[in-house]
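Engineer: Quick one, upload.cif (mmCIF, C-alpha atoms):
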data_input
loop_
_atom_site.label_atom_id
_atom_site.label_comp_id
_atom_site.auth_asym_id
_atom_site.auth_seq_id
_atom_site.Cartn_x
_atom_site.Cartn_y
_atom_site.Cartn_z
CA MET A 21 0.00 0.00 0.00
CA SER A 22 1.20 3.55 -0.65
CA ARG A 23 1.22 6.18 2.06
CA PRO A 24 -2.17 7.57 3.03
CA GLY A 25 -3.03 10.95 1.55
CA PRO A 26 -2.93 14.07 3.73
CA ARG A 27 -6.01 14.44 5.93
CA GLU A 28 -5.62 18.05 7.04
CA THR A 29 -4.33 21.22 5.46
CA GLY A 30 -1.81 21.23 8.31
CA ASP A 31 -0.29 18.11 6.74
CA ILE A 32 0.05 20.00 3.48
CA GLU A 33 1.74 22.90 5.25
CA LEU A 34 4.27 20.52 6.80
CA MET A 35 4.87 18.90 3.43
CA LEU A 36 5.44 22.28 1.78
CA ASP A 37 7.84 23.31 4.55
CA ARG A 38 9.76 20.09 4.08
CA TYR A 39 9.73 20.45 0.31
CA ALA A 40 11.15 23.98 0.59
CA ALA A 41 13.82 22.92 3.07
CA GLU A 42 14.94 19.71 1.39
CA ARG A 43 14.25 20.06 -2.31
CA LEU A 44 14.63 23.77 -2.99
CA ALA A 45 17.45 24.68 -0.61
CA PRO A 46 20.51 26.26 -2.24
CA HIS A 47 23.85 24.52 -2.17
CA LYS A 48 26.73 26.21 -0.40
CA ASP A 49 28.69 26.85 -3.61
CA GLU A 50 25.67 28.64 -5.09
CA LEU A 51 25.39 30.86 -2.02
CA ASP A 52 29.12 31.58 -2.04
CA ARG A 53 29.11 32.61 -5.69
CA ALA A 54 26.12 34.91 -5.24
CA ARG A 55 27.70 36.49 -2.16
CA ALA A 56 30.94 37.13 -4.06
CA ALA A 57 29.04 38.66 -6.98
CA MET A 58 27.09 40.89 -4.61
CA PHE A 59 30.22 42.20 -2.91
CA ALA A 60 31.82 42.69 -6.30
CA GLY A 61 29.03 45.20 -6.95
CA TRP A 62 29.71 46.97 -3.70
CA THR A 63 32.08 49.91 -3.72
CA GLY A 64 32.54 49.96 0.04
CA ALA A 65 34.14 53.14 1.36
CA GLY A 66 30.92 54.18 3.02
CA SER A 67 28.68 54.39 0.00
CA LEU A 68 26.40 52.14 -1.96
CA ALA A 69 27.27 51.37 -5.54
CA LEU A 70 25.01 52.61 -8.30
CA LEU A 71 25.30 49.88 -10.85
CA PRO A 72 24.42 50.24 -14.54
CA HIS A 73 21.27 48.45 -15.62
CA ARG A 74 21.80 45.54 -17.96
CA SER A 75 19.09 43.91 -19.96
CA LEU A 76 20.90 40.77 -21.07
CA ARG A 77 19.76 37.86 -18.96
CA ARG A 78 23.23 36.46 -18.45
CA GLY A 79 24.81 39.88 -18.07
CA TRP A 80 24.90 39.89 -14.32
CA SER A 81 26.19 36.35 -14.13
CA LEU A 82 29.01 37.12 -16.52
CA ALA A 83 29.84 40.33 -14.69
CA GLY A 84 29.70 38.48 -11.38
CA ALA A 85 31.87 35.65 -12.65
CA ALA A 86 34.40 38.10 -14.11
CA ALA A 87 34.45 40.00 -10.84
CA VAL A 88 35.02 36.78 -8.92
CA LEU A 89 37.93 35.94 -11.20
CA VAL A 90 39.38 39.42 -10.78
CA ILE A 91 38.96 39.19 -7.02
CA ALA A 92 40.47 35.71 -6.99
CA GLY A 93 43.43 36.83 -9.10
CA ALA A 94 44.00 39.96 -7.07
CA GLY A 95 43.48 37.90 -3.94
CA LEU A 96 46.46 35.71 -4.74
CA VAL A 97 48.65 38.81 -4.88
CA ALA A 98 46.90 40.56 -2.00
CA ALA A 99 47.30 37.56 0.28
CA GLU A 100 51.02 38.40 0.51
CA SER A 101 50.61 42.16 0.97
CA GLY A 102 51.74 43.52 4.30
CA PRO A 103 50.79 46.84 5.92
CA GLY A 104 51.82 49.84 3.86
CA GLN A 105 51.84 47.84 0.61
CA PRO A 106 49.38 48.65 -2.19
CA LEU A 107 47.07 45.62 -1.80
CA TYR A 108 47.03 45.55 1.99
CA GLY A 109 43.57 47.13 2.09
CA LEU A 110 42.23 44.58 -0.40
CA ARG A 111 43.60 41.73 1.69
CA LEU A 112 41.80 43.04 4.76
CA ALA A 113 38.58 43.64 2.80
CA MET A 114 38.66 40.03 1.60
CA GLY A 115 39.00 38.93 5.20
CA ASN A 116 35.88 40.92 6.04
CA VAL A 117 33.85 39.17 3.35
CA THR A 118 34.35 35.81 5.06
CA LEU A 119 33.69 37.17 8.54
CA PRO A 120 30.69 35.50 10.22
CA HIS A 121 27.69 37.79 10.66
CA GLU A 122 26.09 36.18 13.68
CA GLU A 123 27.17 36.96 17.22
CA PRO A 124 29.29 35.99 19.06
CA ALA A 125 31.24 34.60 16.09
CA HIS A 126 31.32 38.04 14.41
CA GLN A 127 32.93 39.80 17.39
CA ARG A 128 35.36 36.95 17.87
CA GLY A 129 36.33 37.14 14.21
CA LEU A 130 36.98 40.85 14.64
CA ALA A 131 39.02 40.12 17.77
CA ASP A 132 41.16 37.71 15.75
CA GLN A 133 41.65 40.43 13.15
CA LEU A 134 42.60 42.85 15.92
CA ASP A 135 45.22 40.38 17.11
CA ASP A 136 46.63 40.12 13.59
CA ARG A 137 46.79 43.89 13.23
CA LEU A 138 48.62 44.22 16.54
CA SER A 139 51.19 41.66 15.39
CA GLU A 140 51.67 43.70 12.22
CA VAL A 141 52.10 46.91 14.22
CA GLY A 142 54.72 45.19 16.34
CA ALA A 143 56.59 43.72 13.37
CA ALA A 144 56.61 47.03 11.49
CA ALA A 145 57.61 49.02 14.57
CA ARG A 146 60.52 46.74 15.39
CA THR A 147 61.93 47.01 11.85
CA GLY A 148 61.47 50.78 11.75
CA ASP A 149 58.86 50.52 8.97
CA LEU A 150 57.00 53.79 9.49
CA LEU A 151 54.47 53.37 6.68
CA GLY A 152 53.72 49.81 7.70
CA ALA A 153 53.27 50.75 11.35
CA GLN A 154 50.94 53.62 10.44
CA ALA A 155 48.87 51.48 8.07
CA ALA A 156 48.56 48.67 10.60
CA ILE A 157 47.64 50.99 13.46
CA ASP A 158 45.02 52.71 11.30
CA GLU A 159 43.47 49.33 10.54
CA TYR A 160 43.75 48.36 14.18
CA LEU A 161 41.73 51.43 15.18
CA HIS A 162 39.18 50.79 12.43
CA THR A 163 38.66 47.19 13.55
CA LEU A 164 38.46 48.26 17.19
CA ARG A 165 35.71 50.75 16.31
CA GLU A 166 33.81 48.02 14.50
CA LEU A 167 34.28 45.62 17.39
CA SER A 168 33.04 48.08 20.01
CA ARG A 169 30.09 49.37 17.99
CA ASP A 170 27.52 47.36 19.94
CA GLY A 171 29.50 47.05 23.17
CA VAL A 172 31.78 44.22 24.21
CA THR A 173 30.77 41.77 26.94
CA ASP A 174 32.61 38.64 25.86
CA PRO A 175 35.14 37.94 28.67
CA ALA A 176 37.65 36.45 26.24
CA ILE A 177 37.63 39.61 24.11
CA LEU A 178 37.88 41.85 27.16
CA ALA A 179 40.90 39.87 28.32
CA LEU A 180 42.39 40.19 24.84
CA LEU A 181 41.94 43.95 24.88
CA GLN A 182 43.61 44.13 28.28
CA ARG A 183 46.63 42.29 26.88
CA HIS A 184 46.62 44.54 23.84
CA GLN A 185 46.83 47.63 26.02
CA ASP A 186 49.92 46.21 27.68
CA THR A 187 51.51 45.21 24.37
CA LEU A 188 50.78 48.60 22.82
CA GLN A 189 52.31 50.29 25.85
CA ASP A 190 55.48 48.26 25.30
CA LEU A 191 55.44 49.10 21.58
CA LEU A 192 55.44 52.84 22.31
CA GLY A 193 59.14 52.53 23.14
CA VAL A 194 60.11 51.07 19.75
CA THR A 195 57.58 52.67 17.40
CA PRO A 196 58.90 55.42 15.08
CA ALA A 197 57.98 58.81 16.54
CA GLN A 198 55.60 59.68 13.68
CA ALA A 199 53.49 56.58 14.35
CA ALA A 200 53.60 56.81 18.14
CA GLY A 201 50.52 59.06 18.21
CA GLY A 202 48.48 56.33 16.57
CA VAL A 203 49.69 53.75 19.08
CA GLN A 204 48.78 56.07 21.95
CA GLN A 205 45.33 56.53 20.40
CA ALA A 206 44.93 52.75 20.18
CA ILE A 207 45.85 52.34 23.85
CA GLU A 208 43.20 54.88 24.83
CA ALA A 209 40.59 53.36 22.51
CA ALA A 210 41.18 49.85 23.85
CA GLY A 211 40.91 51.24 27.37
CA LYS A 212 37.60 52.93 26.54
CA VAL A 213 36.12 49.67 25.29
CA ASN A 214 37.08 48.09 28.58
CA GLY A 215 35.75 51.08 30.47
CA VAL A 216 32.16 50.68 29.27
CA VAL A 217 31.76 47.19 30.70
CA PRO A 218 31.96 45.70 34.21
CA PRO A 219 35.42 45.37 35.77
CA ILE A 220 37.43 42.93 33.77
CA GLU A 221 38.31 40.62 36.66
CA SER A 222 34.66 39.89 37.37
CA ALA A 223 34.00 39.22 33.72
CA LEU A 224 36.82 36.73 33.28
CA PRO A 225 35.79 33.07 33.15
CA HIS A 226 36.46 31.01 36.25
CA PRO A 227 39.23 28.48 35.75
CA THR A 228 38.01 24.94 35.13
CA PRO A 229 38.99 22.50 37.90
CA PRO A 230 41.37 19.86 36.52
CA HIS A 231 39.07 16.99 37.47
CA ALA A 232 36.16 18.60 35.60
CA ALA A 233 38.07 19.30 32.41
CA ASP A 234 37.15 16.11 30.57
CA GLN A 235 33.67 15.22 31.73
CA SER A 236 31.90 15.56 28.41
CA PRO A 237 29.91 12.55 27.13
CA ARG A 238 32.29 12.21 24.22
CA ALA A 239 35.32 12.14 26.51
CA THR A 240 33.81 9.76 29.00
CA GLY A 241 32.28 7.55 26.36
CA LYS A 242 28.86 7.87 27.99
CA PRO A 243 25.84 8.33 25.73
CA MET B 6 13.50 28.74 8.66
CA ASP B 7 12.46 31.29 11.23
CA PRO B 8 9.33 33.27 10.41
CA PRO B 9 10.15 36.91 9.70
CA GLU B 10 8.55 38.14 12.91
CA GLN B 11 11.13 36.17 14.93
CA GLN B 12 14.08 37.74 13.12
CA PRO B 13 15.00 40.89 14.99
CA ASN B 14 16.03 44.21 13.65
CA VAL B 15 16.28 43.86 9.90
CA GLU B 16 15.43 47.55 9.55
CA ALA B 17 18.45 48.40 11.72
CA LEU B 18 20.65 46.29 9.46
CA VAL B 19 19.24 48.12 6.46
CA GLU B 20 20.02 51.47 8.05
CA ARG B 21 23.60 50.38 8.63
CA ALA B 22 23.84 49.06 5.08
CA ARG B 23 22.57 52.37 3.72
CA ALA B 24 25.31 54.10 5.67
CA GLY B 25 27.89 51.91 3.94
CA ASP B 26 28.35 49.12 6.47
CA GLN B 27 29.62 46.07 4.60
CA ALA B 28 28.97 43.71 7.51
CA ALA B 29 25.33 44.77 7.52
CA ILE B 30 25.04 43.98 3.81
CA GLY B 31 26.48 40.56 4.52
CA ALA B 32 24.01 40.00 7.35
CA ILE B 33 21.09 40.95 5.12
CA TYR B 34 22.39 38.52 2.52
CA ASP B 35 22.62 35.72 5.10
CA ARG B 36 19.06 36.42 6.20
CA LEU B 37 17.52 36.44 2.74
CA ALA B 38 19.68 34.41 0.36
CA GLY B 39 18.22 30.98 1.10
CA ARG B 40 14.68 32.27 1.04
CA VAL B 41 15.00 34.18 -2.22
CA TYR B 42 16.77 31.24 -3.84
CA ARG B 43 13.95 28.86 -2.87
CA PHE B 44 11.40 31.37 -4.11
CA ALA B 45 13.21 31.79 -7.43
CA LEU B 46 13.70 28.05 -7.91
CA PHE B 47 10.03 27.46 -7.14
CA ARG B 48 9.06 29.99 -9.80
CA VAL B 49 11.53 29.15 -12.58
CA GLY B 50 12.29 25.46 -11.97
CA SER B 51 15.99 25.53 -12.80
CA ARG B 52 18.84 25.71 -10.31
CA ALA B 53 21.10 27.54 -12.77
CA ASP B 54 18.43 30.18 -13.40
CA ALA B 55 17.64 30.45 -9.69
CA GLU B 56 21.28 31.15 -8.89
CA ASP B 57 21.46 33.67 -11.71
CA LEU B 58 18.33 35.36 -10.42
CA MET B 59 19.59 35.38 -6.85
CA GLN B 60 22.72 37.23 -7.96
CA ARG B 61 20.72 39.74 -9.97
CA ILE B 62 18.26 40.33 -7.14
CA PHE B 63 21.00 41.10 -4.62
CA LEU B 64 22.80 43.36 -7.06
CA LYS B 65 19.53 45.19 -7.65
CA MET B 66 19.06 45.42 -3.89
CA ILE B 67 22.45 47.13 -3.55
CA GLU B 68 21.57 49.41 -6.44
CA SER B 69 18.16 50.29 -4.99
CA LEU B 70 18.91 50.56 -1.28
CA PRO B 71 19.58 54.32 -1.42
CA ARG B 72 16.01 54.76 -2.64
CA TYR B 73 14.41 52.49 -0.03
CA GLN B 74 12.16 54.39 2.38
CA PRO B 75 12.27 52.72 5.81
CA ARG B 76 8.92 54.18 6.83
CA GLY B 77 7.05 52.82 3.85
CA VAL B 78 6.86 49.11 3.08
CA PRO B 79 8.67 46.72 5.47
CA PHE B 80 12.08 45.83 4.09
CA GLU B 81 11.39 42.16 3.39
CA ALA B 82 8.23 43.00 1.46
CA TRP B 83 10.22 45.60 -0.48
CA PHE B 84 12.98 43.08 -1.17
CA PHE B 85 10.62 40.35 -2.36
CA ARG B 86 8.73 42.80 -4.53
CA LEU B 87 12.04 43.49 -6.18
CA ALA B 88 12.62 39.72 -6.41
CA ARG B 89 9.19 39.25 -7.93
CA ASN B 90 9.82 41.88 -10.61
CA THR B 91 13.16 40.30 -11.44
CA VAL B 92 11.59 36.85 -11.77
CA ILE B 93 8.77 38.24 -13.93
CA ASP B 94 11.31 39.95 -16.21
CA HIS B 95 13.16 36.67 -16.45
CA LEU B 96 10.04 34.71 -17.31
CA ARG B 97 8.97 37.29 -19.87
CA ALA B 98 12.38 37.09 -21.48
CA ARG B 99 12.02 33.35 -21.66
CA ARG B 100 8.55 33.89 -23.15
CA ARG B 101 7.02 30.89 -21.47
CA LEU B 102 6.45 29.57 -17.98
CA GLN B 103 8.69 26.61 -17.31
CA PRO B 104 6.70 23.70 -15.91
CA LEU B 105 7.28 22.87 -12.29
CA GLU B 106 8.36 19.28 -13.08
CA THR B 107 11.67 20.75 -14.12
CA ILE B 108 12.46 21.25 -10.47
CA ALA B 109 12.34 17.50 -9.96
CA GLU B 110 14.33 16.81 -13.10
CA VAL B 111 17.06 19.24 -12.25
CA ASP B 112 17.22 18.38 -8.58
CA SER B 113 17.20 14.63 -9.07
CA THR B 114 20.82 14.90 -10.16
CA ARG B 115 21.75 16.14 -6.70
CA PRO B 116 19.23 14.73 -4.19
CA GLY B 117 19.46 15.69 -0.56
CA PRO B 118 21.35 13.24 1.62
CA GLU B 119 18.25 12.43 3.66
CA GLU B 120 15.96 12.09 0.69
CA SER B 121 14.57 8.59 0.35
CA ALA B 122 12.90 7.20 -2.75
CA GLU B 123 9.59 7.43 -0.93
CA LEU B 124 10.13 11.09 -0.12
CA ALA B 125 11.21 11.81 -3.68
CA MET B 126 7.95 10.31 -4.89
CA GLU B 127 6.01 12.38 -2.38
CA PHE B 128 7.71 15.53 -3.65
CA ARG B 129 6.89 14.61 -7.24
CA ARG B 130 3.23 14.22 -6.30
CA LEU B 131 3.33 17.56 -4.57
CA GLU B 132 4.86 19.23 -7.63
CA THR B 133 2.15 17.76 -9.84
CA ALA B 134 -0.51 19.03 -7.45
CA LEU B 135 1.10 22.49 -7.37
CA GLU B 136 0.85 22.67 -11.13
CA ASP B 137 -2.94 22.43 -10.88
CA LEU B 138 -3.20 25.56 -8.73
CA THR B 139 -4.12 28.88 -10.27
CA PRO B 140 -1.18 31.23 -10.95
CA VAL B 141 -2.08 33.51 -8.05
CA GLN B 142 -2.44 30.54 -5.69
CA GLN B 143 0.98 29.29 -6.80
CA GLU B 144 2.39 32.73 -6.15
CA VAL B 145 0.95 32.93 -2.65
CA ILE B 146 2.26 29.44 -1.81
CA GLY B 147 5.68 30.49 -3.11
CA TYR B 148 5.82 33.60 -0.92
CA ARG B 149 4.43 31.88 2.14
CA PHE B 150 6.33 28.60 2.16
CA MET B 151 9.40 29.16 0.01
CA ALA B 152 10.12 32.77 1.00
CA GLY B 153 8.67 32.56 4.52
CA LEU B 154 6.67 35.79 4.28
CA SER B 155 3.61 36.71 6.33
CA ALA B 156 0.17 37.23 4.82
CA ARG B 157 0.54 40.96 5.38
CA GLU B 158 3.86 41.09 3.55
CA ILE B 159 2.49 39.00 0.70
CA GLY B 160 -0.47 41.36 0.45
CA LEU B 161 1.86 44.32 0.11
CA ILE B 162 3.74 42.58 -2.68
CA ILE B 163 0.84 41.39 -4.79
CA GLY B 164 -1.51 44.27 -3.99
CA LYS B 165 -4.17 42.38 -2.03
CA ARG B 166 -5.55 42.66 1.48
CA GLU B 167 -4.17 40.41 4.19
CA GLY B 168 -7.53 38.61 4.47
CA SER B 169 -7.61 37.94 0.75
CA VAL B 170 -4.13 36.47 0.93
CA ARG B 171 -5.19 34.19 3.78
CA ALA B 172 -8.23 33.08 1.78
CA LEU B 173 -6.08 32.39 -1.28
CA GLN B 174 -3.67 30.39 0.82
CA PHE B 175 -6.48 28.40 2.41
CA ARG B 176 -8.04 27.58 -0.95
CA ALA B 177 -4.65 26.58 -2.34
CA LEU B 178 -4.00 24.24 0.58
CA GLN B 179 -7.47 22.70 0.22
CA ALA B 180 -6.86 22.17 -3.49
CA LEU B 181 -3.51 20.55 -2.79
CA ARG B 182 -5.06 18.31 -0.14
CA ARG B 183 -7.80 17.18 -2.53
CA SER B 184 -5.34 16.59 -5.31
CA LEU B 185 -2.91 14.61 -3.14
CA THR B 186 -5.68 12.55 -1.58
CA ARG B 187 -7.01 11.69 -5.03
CA ASP B 188 -3.49 10.88 -6.17
CA SER B 189 -2.89 8.66 -3.17
CA LEU B 190 -6.14 6.75 -3.72
CA GLY B 191 -5.29 6.37 -7.38
CA ALA B 192 -1.89 4.96 -6.50
CA ASP B 193 -3.48 2.48 -4.11
CA MET B 194 -5.91 1.30 -6.77
CA ALA B 195 -3.15 0.98 -9.33
CA GLU B 196 -1.05 -1.02 -6.88
CA ALA B 197 -3.98 -3.29 -6.18
CA ARG B 198 -4.47 -3.94 -9.88
CA ILE B 199 -0.78 -4.52 -10.71
CA LEU B 200 0.46 -6.87 -8.04
CA PRO B 201 3.66 -8.77 -8.73
CA GLU B 202 3.16 -12.38 -9.79
CA SER B 203 4.97 -13.62 -6.72
CA GLU B 204 2.40 -11.94 -4.48
CA LEU B 205 -0.47 -13.26 -6.54
CA GLU B 206 0.81 -16.79 -6.14
CA SER B 207 1.16 -16.47 -2.41
#
Is it possible to express this structure as structure tokens?
Structural biologist:
Amino acid sequence: MSRPGPRETGDIELMLDRYAAERLAPHKDELDRARAAMFAGWTGAGSLALLPHRSLRRGWSLAGAAAVLVIAGAGLVAAESGPGQPLYGLRLAMGNVTLPHEEPAHQRGLADQLDDRLSEVGAAARTGDLLGAQAAIDEYLHTLRELSRDGVTDPAILALLQRHQDTLQDLLGVTPAQAAGGVQQAIEAAGKVNGVVPPIESALPHPTPPHAADQSPRATGKP
Amino acid sequence: MDPPEQQPNVEALVERARAGDQAAIGAIYDRLAGRVYRFALFRVGSRADAEDLMQRIFLKMIESLPRYQPRGVPFEAWFFRLARNTVIDHLRARRRLQPLETIAEVDSTRPGPEESAELAMEFRRLETALEDLTPVQQEVIGYRFMAGLSAREIGLIIGKREGSVRALQFRALQALRRSLTRDSLGADMAEARILPESELES
């Protein structure tokens, strides 16, 4: 016997929901391509792009595909660009495209970026690379602004910012004089982010007791 | 798929996007991409065309955002109106409505991992039943179940009152139920008539 037919319209609604979720759902590669094409049409820099209208049905796809190729090609070069080099900004912009948009992953992604920028500031400062240090500190401040836009409450990020303040303080001694103002600004900005939340000690996670560290079902083998 | 009323603050994201915030654009994309793809695939029946349309719709969104008025139509209704127009342009350019069976043909090359043969058959029956709906009923079903829009939002898109949309949806679901029940009974009768020899012998 075949399955019985639906008895209620509620059954039909469930079937339609399932059909939409299982049969019509996009594949990840389709979503990735469309996202890349969309950002290729985005000028960034604080304004929305006004794109020319195209009537050819495949026009947008071709433009999108070409843009993806251009981005991919430039990306290979940009991936090696350090602060102060021409494609440094593109490299960072490409990193932003892949940043998660849901919290807390978004803030943590920005915190990782902040860490990378601080490493770049340090590396440039220690080698006397003024342009590199300035570019990296500018990006550090930009990322910090983005991170603190909606307030920071994640204890791990607060702890990171505390460490950054200390590291930046140390860097003041080796940074070229022209870039020292930016480092000072970053120290103050990181301090302000910490200042708008409860005292950092109370926000830090409590250390896990050694005997409780591996009690998960997977670790214990329990179902 | 969360219903739109459970998704907080899309208007705030739009405001940020209008001010040039790239992360906000990305968040809007994440919120709408799956839904607009399902809607487009439901309407045009081809994955390649649905992907093409999805790209064009988001590019049009970027192009049109500066003209969006936050105090007018809710953003998602505005966005899907734009999607609707893009799909209609596409269908006009193609000069004919592609039958819904194409969805099954195209998708059968890449079935979902959980999709059994029985479920695939159920989906084929559903697609056949959907074909029998009137165009406006098909459209309402597409907005409601593929795009996840509310009756109010659908009404704003197709220019009907919320109550009319609910009535259209109800009639569409009733028609689908009748069609699937008839189909199921027909399948039972066919099975009863064409039993394998082995079963007849036993």
Engineer: Restricting the calculation to all atoms listed in the file, which member of B:Met126, B:Ala29, B:Leu37, B:Ala180 is positioned closest to Phe85 (chain B)?
Structural biologist: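 Among the listed residues, the smallest separation from Phe85 (chain B) belongs to B:Leu37.
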Engineer: Evaluate the PyMOL selection byres ((chain A and resi 167) around 9) and record the selected residues as an MDAnalysis selection string, following the chain and residue labels used in the document.
Structural biologist: chainID A and resid 126:128 130:131 134 162:166 168:172
Engineer: Contacts of Gln133 (chain A) at 9 Å or less, counting only C-alpha atoms, minus same-chain residues fewer than 3 places along, as a PyMOL selection string?
Structural biologist: chain A and resi 112+115+128-130+136-138+160+163
Engineer: Using only C-alpha atoms, I'd like a table of the residues in chain B that come within 7 Å of chain A; for each, show the closest atom pair and its distance in Å rounded to one decimal, ordered by chain and ascending number, as JSON lines.
Structural biologist:
{"residue": "B:Arg23", "atom": "CA", "partner": "A:Leu68", "partner_atom": "CA", "distance": 6.9}
{"residue": "B:Ala24", "atom": "CA", "partner": "A:Gly66", "partner_atom": "CA", "distance": 6.2}
{"residue": "B:Gly25", "atom": "CA", "partner": "A:Gly66", "partner_atom": "CA", "distance": 3.9}
{"residue": "B:Asp26", "atom": "CA", "partner": "A:Gly66", "partner_atom": "CA", "distance": 6.6}
{"residue": "B:Gln27", "atom": "CA", "partner": "A:Gly64", "partner_atom": "CA", "distance": 6.7}
{"residue": "B:Ala28", "atom": "CA", "partner": "A:His121", "partner_atom": "CA", "distance": 6.8}
{"residue": "B:Gly31", "atom": "CA", "partner": "A:His121", "partner_atom": "CA", "distance": 6.8}
{"residue": "B:Ala32", "atom": "CA", "partner": "A:His121", "partner_atom": "CA", "distance": 5.4}
{"residue": "B:Gly39", "atom": "CA", "partner": "A:Pro46", "partner_atom": "CA", "distance": 6.2}
{"residue": "B:Tyr42", "atom": "CA", "partner": "A:Pro46", "partner_atom": "CA", "distance": 6.4}
{"residue": "B:Arg43", "atom": "CA", "partner": "A:Leu44", "partner_atom": "CA", "distance": 5.1}
{"residue": "B:Leu46", "atom": "CA", "partner": "A:Leu44", "partner_atom": "CA", "distance": 6.6}
{"residue": "B:Glu56", "atom": "CA", "partner": "A:Glu50", "partner_atom": "CA", "distance": 6.3}
{"residue": "B:Asp57", "atom": "CA", "partner": "A:Ser81", "partner_atom": "CA", "distance": 6.0}
{"residue": "B:Met59", "atom": "CA", "partner": "A:Ala54", "partner_atom": "CA", "distance": 6.7}
{"residue": "B:Gln60", "atom": "CA", "partner": "A:Ala54", "partner_atom": "CA", "distance": 4.9}
{"residue": "B:Arg61", "atom": "CA", "partner": "A:Trp80", "partner_atom": "CA", "distance": 6.0}
{"residue": "B:Phe63", "atom": "CA", "partner": "A:Met58", "partner_atom": "CA", "distance": 6.1}
{"residue": "B:Leu64", "atom": "CA", "partner": "A:Met58", "partner_atom": "CA", "distance": 5.5}
{"residue": "B:Ile67", "atom": "CA", "partner": "A:Leu68", "partner_atom": "CA", "distance": 6.6}
{"residue": "B:Glu68", "atom": "CA", "partner": "A:Leu70", "partner_atom": "CA", "distance": 5.1}
{"residue": "B:Gly117", "atom": "CA", "partner": "A:Glu42", "partner_atom": "CA", "distance": 6.4}
{"residue": "B:Phe128", "atom": "CA", "partner": "A:Tyr39", "partner_atom": "CA", "distance": 6.6}
{"residue": "B:Phe150", "atom": "CA", "partner": "A:Asp37", "partner_atom": "CA", "distance": 6.0}
{"residue": "B:Met151", "atom": "CA", "partner": "A:Ala40", "partner_atom": "CA", "distance": 5.5}
{"residue": "B:Leu178", "atom": "CA", "partner": "A:Thr29", "partner_atom": "CA", "distance": 5.7}
{"residue": "B:Gln179", "atom": "CA", "partner": "A:Thr29", "partner_atom": "CA", "distance": 6.3}
{"residue": "B:Arg182", "atom": "CA", "partner": "A:Pro26", "partner_atom": "CA", "distance": 6.1}
{"residue": "B:Leu185", "atom": "CA", "partner": "A:Gly25", "partner_atom": "CA", "distance": 6.0}
{"residue": "B:Thr186", "atom": "CA", "partner": "A:Gly25", "partner_atom": "CA", "distance": 4.4}
{"residue": "B:Ser189", "atom": "CA", "partner": "A:Gly25", "partner_atom": "CA", "distance": 5.2}
{"residue": "B:Ala192", "atom": "CA", "partner": "A:Ser22", "partner_atom": "CA", "distance": 6.8}
{"residue": "B:Asp193", "atom": "CA", "partner": "A:Ser22", "partner_atom": "CA", "distance": 5.9}
Engineer: Residues at most 7 Å from region 191-200 of chain A, counting only C-alpha atoms, excluding those fewer than 3 positions away in the same chain, as a list in words?
Structural biologist: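 In the requested format, the answer is Gly142, Ala145, Arg146, Gly148, Leu150, Ala153, Gln154, Thr187, Leu188, Val203 and Gln204 of chain A.
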Engineer: At what distance in Å, to one decimal, does CA of Asp186 (chain A) lie from CA of Val141 (chain A)?
Structural biologist: 13.7 Å
Engineer: Taking the file as shown, find all residues satisfying the PyMOL selection byres ((chain B and resi 133-143) around 10) and write them as a PyMOL selection string.
Structural biologist: chain B and resi 47-48+104-106+127-132+144-149+163+170+172-178+180-185+188
Engineer: Mind pulling up the distance from CA of Ile33 (chain B) to CA of Glu158 (chain B)?
Structural biologist: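 These atoms are spaced 17.3 Å apart.
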Engineer: Which value, in Å to one decimal, gives the distance between CA of Glu16 (chain B) and CA of Pro79 (chain B)?
Structural biologist: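 Between these atoms lies a distance of 7.9 Å.
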Engineer: Could you list the residues chosen by the PyMOL selection byres ((chain B and resi 75) around 12) in this structure as a CSV table (one decimal) with C-alpha atoms, in the coordinates of the input?
Structural biologist:
chain,number,residue,atom,x,y,z
B,15,VAL,CA,16.3,43.9,9.9
B,16,GLU,CA,15.4,47.6,9.6
B,17,ALA,CA,18.4,48.4,11.7
B,18,LEU,CA,20.6,46.3,9.5
B,19,VAL,CA,19.2,48.1,6.5
B,20,GLU,CA,20.0,51.5,8.0
B,21,ARG,CA,23.6,50.4,8.6
B,23,ARG,CA,22.6,52.4,3.7
B,70,LEU,CA,18.9,50.6,-1.3
B,71,PRO,CA,19.6,54.3,-1.4
B,72,ARG,CA,16.0,54.8,-2.6
B,73,TYR,CA,14.4,52.5,0.0
B,74,GLN,CA,12.2,54.4,2.4
B,76,ARG,CA,8.9,54.2,6.8
B,77,GLY,CA,7.0,52.8,3.8
B,78,VAL,CA,6.9,49.1,3.1
B,79,PRO,CA,8.7,46.7,5.5
B,80,PHE,CA,12.1,45.8,4.1
B,81,GLU,CA,11.4,42.2,3.4
B,82,ALA,CA,8.2,43.0,1.5
B,83,TRP,CA,10.2,45.6,-0.5
B,84,PHE,CA,13.0,43.1,-1.2
Engineer: So, with all atoms listed in the file as the atoms that count, which of A:Leu151, A:Leu161, A:Val213, A:Ala156 lies closest to Leu181 (chain A)?
Structural biologist: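 Once distances to Leu181 (chain A) are computed over all atoms listed in the file, the minimum belongs to A:Val213.
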Engineer: May I ask which of the residues A:Ala125, A:Ala144, A:Ile157, A:Ala176 is the closest one to Ile207 (chain A), counting only C-alpha atoms?
Structural biologist: A:Ile157
